[in-house]
Structure formats: structure tokens, C-alpha cells
file model36.txt (compact mmCIF, C-alpha atoms)
# COMPACT_ATOMS: atom_id res chain seq x y z
CA MET A 1 -37.16 47.35 -23.29
CA PHE A 2 -38.71 46.42 -19.99
CA PRO A 3 -39.11 42.68 -20.93
CA GLN A 4 -35.38 42.54 -21.88
CA LYS A 5 -34.40 43.67 -18.34
CA ILE A 6 -36.54 40.92 -16.80
CA HIS A 7 -34.94 38.36 -19.14
CA ALA A 8 -31.41 39.54 -18.18
CA LEU A 9 -32.22 39.30 -14.45
CA SER A 10 -33.66 35.81 -14.75
CA GLY A 11 -30.56 34.75 -16.76
CA LYS A 12 -28.29 35.95 -13.93
CA LYS A 13 -30.40 34.15 -11.33
CA TRP A 14 -30.27 30.96 -13.41
CA PHE A 15 -26.47 31.23 -13.70
CA VAL A 16 -26.07 31.79 -9.93
CA ARG A 17 -28.26 28.77 -9.17
CA LEU A 18 -26.29 26.63 -11.63
CA ALA A 19 -23.01 27.75 -10.02
CA TRP A 20 -24.33 26.80 -6.57
CA VAL A 21 -25.48 23.36 -7.77
CA MET A 22 -22.12 22.68 -9.46
CA GLY A 23 -20.28 23.82 -6.33
CA ILE A 24 -22.32 21.48 -4.13
CA ILE A 25 -21.70 18.57 -6.53
CA GLY A 26 -17.97 19.31 -6.55
CA VAL A 27 -17.68 19.48 -2.75
CA THR A 28 -19.75 16.31 -2.33
CA THR A 29 -17.52 14.45 -4.80
CA MET A 30 -14.35 15.57 -3.01
CA ILE A 31 -15.71 14.48 0.37
CA SER A 32 -17.10 11.13 -0.76
CA SER A 33 -14.21 9.93 -2.96
CA PRO A 34 -11.99 8.67 -0.10
CA VAL A 35 -15.00 7.02 1.51
CA LEU A 36 -15.91 5.25 -1.73
CA ALA A 37 -12.28 4.30 -2.36
CA ARG A 38 -12.11 2.65 1.05
CA ARG A 39 -14.56 -0.01 -0.11
CA PHE A 40 -11.98 -1.10 -2.69
CA TYR A 41 -9.27 -1.96 -0.21
CA GLY A 42 -6.82 -3.11 -2.83
CA PHE A 43 -6.33 0.42 -3.99
CA ALA A 44 -6.38 1.77 -0.45
CA PHE A 45 -3.66 -0.70 0.46
CA LEU A 46 -1.32 0.62 -2.22
CA GLN A 47 -2.63 4.20 -2.30
CA PRO A 48 -3.09 5.07 1.34
CA SER A 49 -4.40 8.60 0.84
CA ALA A 50 -7.65 7.02 -0.33
CA TYR A 51 -7.75 5.01 2.88
CA ARG A 52 -6.75 7.54 5.50
CA ASN A 53 -5.97 11.21 5.57
CA TYR A 54 -2.29 10.76 4.65
CA PRO A 55 -0.33 12.23 1.76
CA TYR A 56 1.37 9.88 -0.66
CA ARG A 57 4.90 8.96 0.30
CA ASN A 58 7.20 8.87 -2.70
CA SER A 59 10.87 8.11 -3.06
CA ASN A 60 13.12 8.95 -5.99
CA SER A 61 15.23 5.89 -5.11
CA THR A 62 14.81 2.16 -5.64
CA ILE A 63 13.19 -0.10 -3.07
CA ALA A 64 16.60 -1.24 -1.80
CA ASP A 65 17.96 2.30 -1.40
CA THR A 66 14.75 3.54 0.24
CA LEU A 67 14.80 0.69 2.76
CA ALA A 68 18.48 1.39 3.52
CA LYS A 69 17.77 5.10 4.18
CA ASP A 70 14.81 4.40 6.49
CA GLY A 71 16.05 3.54 9.99
CA LYS A 72 13.14 1.24 10.86
CA TYR A 73 14.20 -1.39 8.29
CA ALA A 74 17.84 -1.97 9.35
CA ASN A 75 17.25 -5.67 10.16
CA LEU A 76 15.41 -6.24 6.89
CA VAL A 77 18.22 -4.61 4.89
CA TYR A 78 20.79 -6.79 6.67
CA GLU A 79 18.74 -9.94 6.02
CA LEU A 80 18.20 -9.05 2.34
CA LYS A 81 21.95 -8.56 1.90
CA GLU A 82 22.68 -11.91 3.62
CA ALA A 83 20.18 -13.64 1.30
CA LYS A 84 21.71 -11.87 -1.74
CA LEU A 85 18.31 -10.29 -2.58
CA PHE A 86 19.18 -6.68 -1.81
CA ASP A 87 20.73 -6.00 -5.23
CA GLN A 88 17.72 -7.55 -6.97
CA LEU A 89 15.55 -4.84 -5.37
CA LYS A 90 17.74 -2.20 -7.05
CA GLN A 91 16.99 -3.55 -10.53
CA PRO A 92 14.51 -1.98 -12.95
CA GLY A 93 11.11 -3.59 -12.97
CA TYR A 94 8.23 -3.47 -10.57
CA PHE A 95 8.18 -5.11 -7.15
CA THR A 96 5.99 -4.91 -4.08
CA ILE A 97 7.73 -5.77 -0.84
CA PHE A 98 5.89 -6.38 2.42
CA ALA A 99 8.54 -4.94 4.72
CA PRO A 100 8.70 -6.07 8.36
CA THR A 101 10.07 -3.39 10.67
CA ASP A 102 12.93 -3.86 13.11
CA ASN A 103 10.33 -4.38 15.84
CA ALA A 104 8.96 -7.40 13.93
CA PHE A 105 12.42 -8.98 13.77
CA ASN A 106 13.20 -8.08 17.39
CA ALA A 107 9.98 -9.78 18.52
CA LEU A 108 11.24 -13.17 17.26
CA ASP A 109 12.36 -15.58 19.95
CA SER A 110 16.07 -16.50 19.68
CA ASN A 111 15.41 -20.18 18.80
CA VAL A 112 12.85 -19.09 16.16
CA PHE A 113 15.42 -16.68 14.72
CA THR A 114 17.95 -19.52 14.38
CA LYS A 115 15.43 -21.65 12.44
CA TYR A 116 14.54 -18.61 10.33
CA SER A 117 18.22 -18.05 9.47
CA ASN A 118 18.39 -21.54 7.95
CA ASN A 119 15.49 -20.60 5.63
CA ARG A 120 16.40 -16.91 5.16
CA GLU A 121 16.21 -16.70 1.35
CA LYS A 122 12.92 -18.62 1.15
CA VAL A 123 11.29 -16.52 3.87
CA LEU A 124 12.45 -13.20 2.39
CA LYS A 125 11.32 -14.15 -1.13
CA TYR A 126 7.91 -14.80 0.45
CA HIS A 127 7.73 -11.05 1.20
CA VAL A 128 8.20 -9.97 -2.45
CA ILE A 129 5.67 -9.79 -5.30
CA VAL A 130 7.10 -9.40 -8.81
CA GLY A 131 5.05 -7.10 -11.06
CA GLU A 132 2.18 -4.81 -10.21
CA ILE A 133 -0.57 -6.12 -7.99
CA THR A 134 -3.74 -6.29 -10.08
CA PRO A 135 -7.31 -5.57 -8.93
CA GLU A 136 -8.16 -9.23 -9.69
CA GLN A 137 -5.50 -10.41 -7.23
CA ILE A 138 -6.87 -8.07 -4.58
CA LYS A 139 -10.45 -9.26 -5.18
CA THR A 140 -9.47 -12.90 -4.79
CA GLY A 141 -7.33 -12.04 -1.77
CA VAL A 142 -4.38 -14.05 -3.08
CA LEU A 143 -0.94 -12.82 -4.17
CA LYS A 144 1.74 -15.06 -5.70
CA THR A 145 5.18 -14.36 -4.23
CA LEU A 146 8.72 -14.49 -5.61
CA GLU A 147 9.17 -17.59 -3.44
CA GLY A 148 6.44 -19.32 -5.47
CA THR A 149 3.66 -19.74 -2.91
CA GLU A 150 0.75 -17.44 -2.10
CA LEU A 151 -0.02 -14.75 0.47
CA LYS A 152 -3.56 -14.14 1.69
CA ILE A 153 -4.98 -10.60 1.99
CA THR A 154 -7.93 -9.97 4.29
CA GLU A 155 -9.84 -6.94 5.54
CA ASP A 156 -11.68 -6.96 8.85
CA ALA A 157 -14.89 -5.10 9.72
CA ASP A 158 -12.90 -2.05 10.88
CA GLY A 159 -11.12 -1.80 7.53
CA GLU A 160 -7.80 -3.10 8.86
CA ILE A 161 -5.88 -4.95 6.17
CA LYS A 162 -3.73 -7.98 6.92
CA VAL A 163 -1.34 -9.99 4.82
CA ASN A 164 -1.51 -13.49 6.32
CA ASN A 165 -1.45 -12.50 10.02
CA ALA A 166 0.67 -9.35 9.69
CA LYS A 167 -1.06 -5.98 9.92
CA VAL A 168 -0.48 -3.57 7.03
CA ASN A 169 0.68 -0.18 8.27
CA HIS A 170 -0.27 2.88 6.22
CA PRO A 171 0.98 4.74 4.28
CA ALA A 172 2.86 2.71 1.66
CA THR A 173 5.92 4.19 -0.04
CA THR A 174 6.16 4.39 -3.82
CA THR A 175 9.68 4.06 -5.25
CA THR A 176 11.17 4.12 -8.73
CA ASN A 177 10.84 0.35 -9.09
CA GLY A 178 7.82 -0.53 -6.94
CA VAL A 179 6.12 -0.16 -3.58
CA ILE A 180 7.13 -0.75 0.03
CA VAL A 181 4.25 -1.83 2.28
CA GLN A 182 5.15 -1.76 5.98
CA ILE A 183 3.94 -4.73 8.04
CA ASN A 184 4.23 -5.50 11.74
CA GLY A 185 5.26 -9.15 11.51
CA LEU A 186 7.36 -11.64 9.59
CA LEU A 187 5.57 -13.65 6.87
CA ILE A 188 6.42 -17.34 7.00
CA PRO A 189 5.66 -19.78 4.13
CA SER A 190 3.45 -22.70 5.19
CA ASP A 191 6.19 -25.27 4.49
CA VAL A 192 8.68 -23.56 6.84
CA SER A 193 8.24 -24.49 10.48
CA LEU A 194 9.60 -22.07 13.03
call {"tool": "encode", "arguments": {"input": "model36.txt", "output": "C-alpha cells"}}
result
Amino acid sequence: MFPQKIHALSGKKWFVRLAWVMGIIGVTTMISSPVLARRFYGFAFLQPSAYRNYPYRNSNSTIADTLAKDGKYANLVYELKEAKLFDQLKQPGYFTIFAPTDNAFNALDSNVFTKYSNNREKVLKYHVIVGEITPEQIKTGVLKTLEGTELKITEDADGEIKVNNAKVNHPATTTTNGVIVQINGLLIPSDVSL
């Protein structure tokens, strides 16, 4: 009987040690996952909670309706309507739009804005990607736009992501038909001179 008591005690100790080891592994995994995810900036760029300590932002509306509800995109919404692209962003499918804020539009010089207006549809289509962005596109740093030419994605040493020269602002917003990625500048195709 005495040996059975020793065996029961050593079984409990073994179980407690195993529980501690599993707990440490679990906590370590939770802490390191965002750090590891940051190295794969393509996913951080579309899933910002892996990049910074932000919750996901989700919308139960389309891209167009979400932009219209958010006050910082009033100029973009107006421009999309003028270019007859706003309704396209209400359609089913999957789109990613790099959305310049009102501040980005307001920063344009008046003569630049006039030249932009003559190329409105082309410039706005340059902000839209049709379909989901794939890991391969992120790895190559090149995204093909609705306009037909390519955007370049880069990441600097501090982990800041840029699309062409515009800084990506986290977090992105997921909608029913795609993703809105806030940027701080207007993206201009290379064949449009402003």
C-alpha cells in the first residue's frame, strides 16, 4: 500500500509540471504571434491587429457605404461619384481600395487639383485592386490596379508600409465586399503628370 501512495504523489507532481509547461508554451505563443506576423507585412497590412495592438475594424456595409459614413473620406466619396465609380464599389465581389483622406485631397495645390480633375477616373481606378491581394503579390511588392498599371508596396526598417509614396495608416477596415486601407496621399499613375 505504501508504494501506491508514492506512485499517486509522483503522478500528481508530473501532472502539475506538465500543466506549467503547457501554460508557459501557450503564453509564449500568444505573445510571439503578433511579433512573428509583423515579419510578413502583407498580412499585417490587411490584418492590422497582427501589426499593432488594434482590434479589427469591420463594417456590415459595402466599401462605398462605409466610405460615405466615415467623415474623413468626404472628398474621396465625391470624387468617386463624379468618376461614376462609387456604385461599382457597392457591387458584390472583392475589392481593396487605398483610400486617401480629406487631408490628402486638401493638401493638393489648386493647379494640381485642376490637372487631376481632367484625369479623375484614371487616377481613382489606380487606387482600386480587384480581387483579394495574394501573398505572392505582397512578396513581389507589386499590385495590379483596376486602372491597369501597378502599385509598389514597400516596408522600411521601422516597419512602416508605403504604397508608392503614400503611407499606409492602420487599421484597415473590412467590409462586405472588400477592404479599405487608409493612406495619407493621392496615388498618381506614372503616365499622368500633375
call {"tool": "atom_distance", "arguments": {"input": "model36.txt", "atom1": "CA of Ile153 in chain A", "atom2": "CA of Thr29 in chain A"}}
result
28.8 Å
call {"tool": "residues_around", "arguments": {"input": "model36.txt", "residues": "Thr62 in chain A", "least_positions_apart": "5", "cutoff": "12 Å", "atoms": "all atoms listed in the file", "output": "count of residues only"}}
result
23
call {"tool": "atom_distance", "arguments": {"input": "model36.txt", "atom1": "CA of Lys122 in chain A", "atom2": "CA of Lys162 in chain A"}}
result
20.6 Å
call {"tool": "residues_around", "arguments": {"input": "model36.txt", "residues": "Lys72 in chain A", "least_positions_apart": "2", "cutoff": "7 Å", "atoms": "only C-alpha atoms", "output": "mmCIF file with C-alpha atoms, in the coordinates of the input"}}
result
data_model
loop_
_atom_site.group_PDB
_atom_site.id
_atom_site.type_symbol
_atom_site.label_atom_id
_atom_site.label_comp_id
_atom_site.auth_asym_id
_atom_site.auth_seq_id
_atom_site.Cartn_x
_atom_site.Cartn_y
_atom_site.Cartn_z
ATOM 1 C CA ASP A 70 14.810 4.400 6.490
ATOM 2 C CA ALA A 74 17.840 -1.970 9.350
ATOM 3 C CA THR A 101 10.070 -3.390 10.670
ATOM 4 C CA ASP A 102 12.930 -3.860 13.110
#
call {"tool": "atom_distance", "arguments": {"input": "model36.txt", "atom1": "CA of Ala99 in chain A", "atom2": "CA of Ile183 in chain A"}}
result
5.7 Å
call {"tool": "residues_around", "arguments": {"input": "model36.txt", "residues": "Glu150 in chain A", "least_positions_apart": "6", "cutoff": "9 Å", "atoms": "only C-alpha atoms", "output": "PyMOL selection string"}}
result
chain A and resi 126+142-144+189
call {"tool": "axis_aligned_box", "arguments": {"input": "model36.txt", "around": "range 159-175 of chain A", "padding_each_side": "8 Å", "output": "lines of an AutoDock Vina configuration file"}}
result
center_x = -0.7
center_y = -4.4
center_z = 2.4
size_x = 36.8
size_y = 34.2
size_z = 31.3
call {"tool": "residues_around", "arguments": {"input": "model36.txt", "residues": "Leu80 in chain A", "least_positions_apart": "4", "cutoff": "8 Å", "atoms": "all atoms listed in the file", "output": "PDB file with C-alpha atoms, in the coordinates of the input"}}
result
ATOM      1  CA  LEU A  76      15.410  -6.240   6.890  1.00  0.00           C
ATOM      2  CA  LYS A  84      21.710 -11.870  -1.740  1.00  0.00           C
ATOM      3  CA  LEU A  85      18.310 -10.290  -2.580  1.00  0.00           C
ATOM      4  CA  PHE A  86      19.180  -6.680  -1.810  1.00  0.00           C
ATOM      5  CA  GLU A 121      16.210 -16.700   1.350  1.00  0.00           C
ATOM      6  CA  LEU A 124      12.450 -13.200   2.390  1.00  0.00           C
TER       7      LEU A 124
END
call {"tool": "closest_residue", "arguments": {"input": "model36.txt", "among": "A:Asn60, A:Met22, A:Leu187, A:Gly148", "to": "Tyr116 in chain A", "atoms": "all atoms listed in the file"}}
result
A:Leu187
call {"tool": "residues_near_point", "arguments": {"input": "model36.txt", "point": "(-2.4, -4.8, 10.9)", "cutoff": "10 Å", "atoms": "all atoms listed in the file", "output": "PyMOL selection string"}}
result
chain A and resi 155-156+159-170+182-185
call {"tool": "closest_residue", "arguments": {"input": "model36.txt", "among": "A:Ser190, A:Ser59, A:Asn103, A:Thr28", "to": "Thr149 in chain A", "atoms": "all atoms listed in the file"}}
result
A:Ser190
call {"tool": "closest_residue", "arguments": {"input": "model36.txt", "among": "A:Asn119, A:Ser193, A:Ser110, A:Thr140", "to": "Thr154 in chain A", "atoms": "all atoms listed in the file"}}
result
A:Thr140
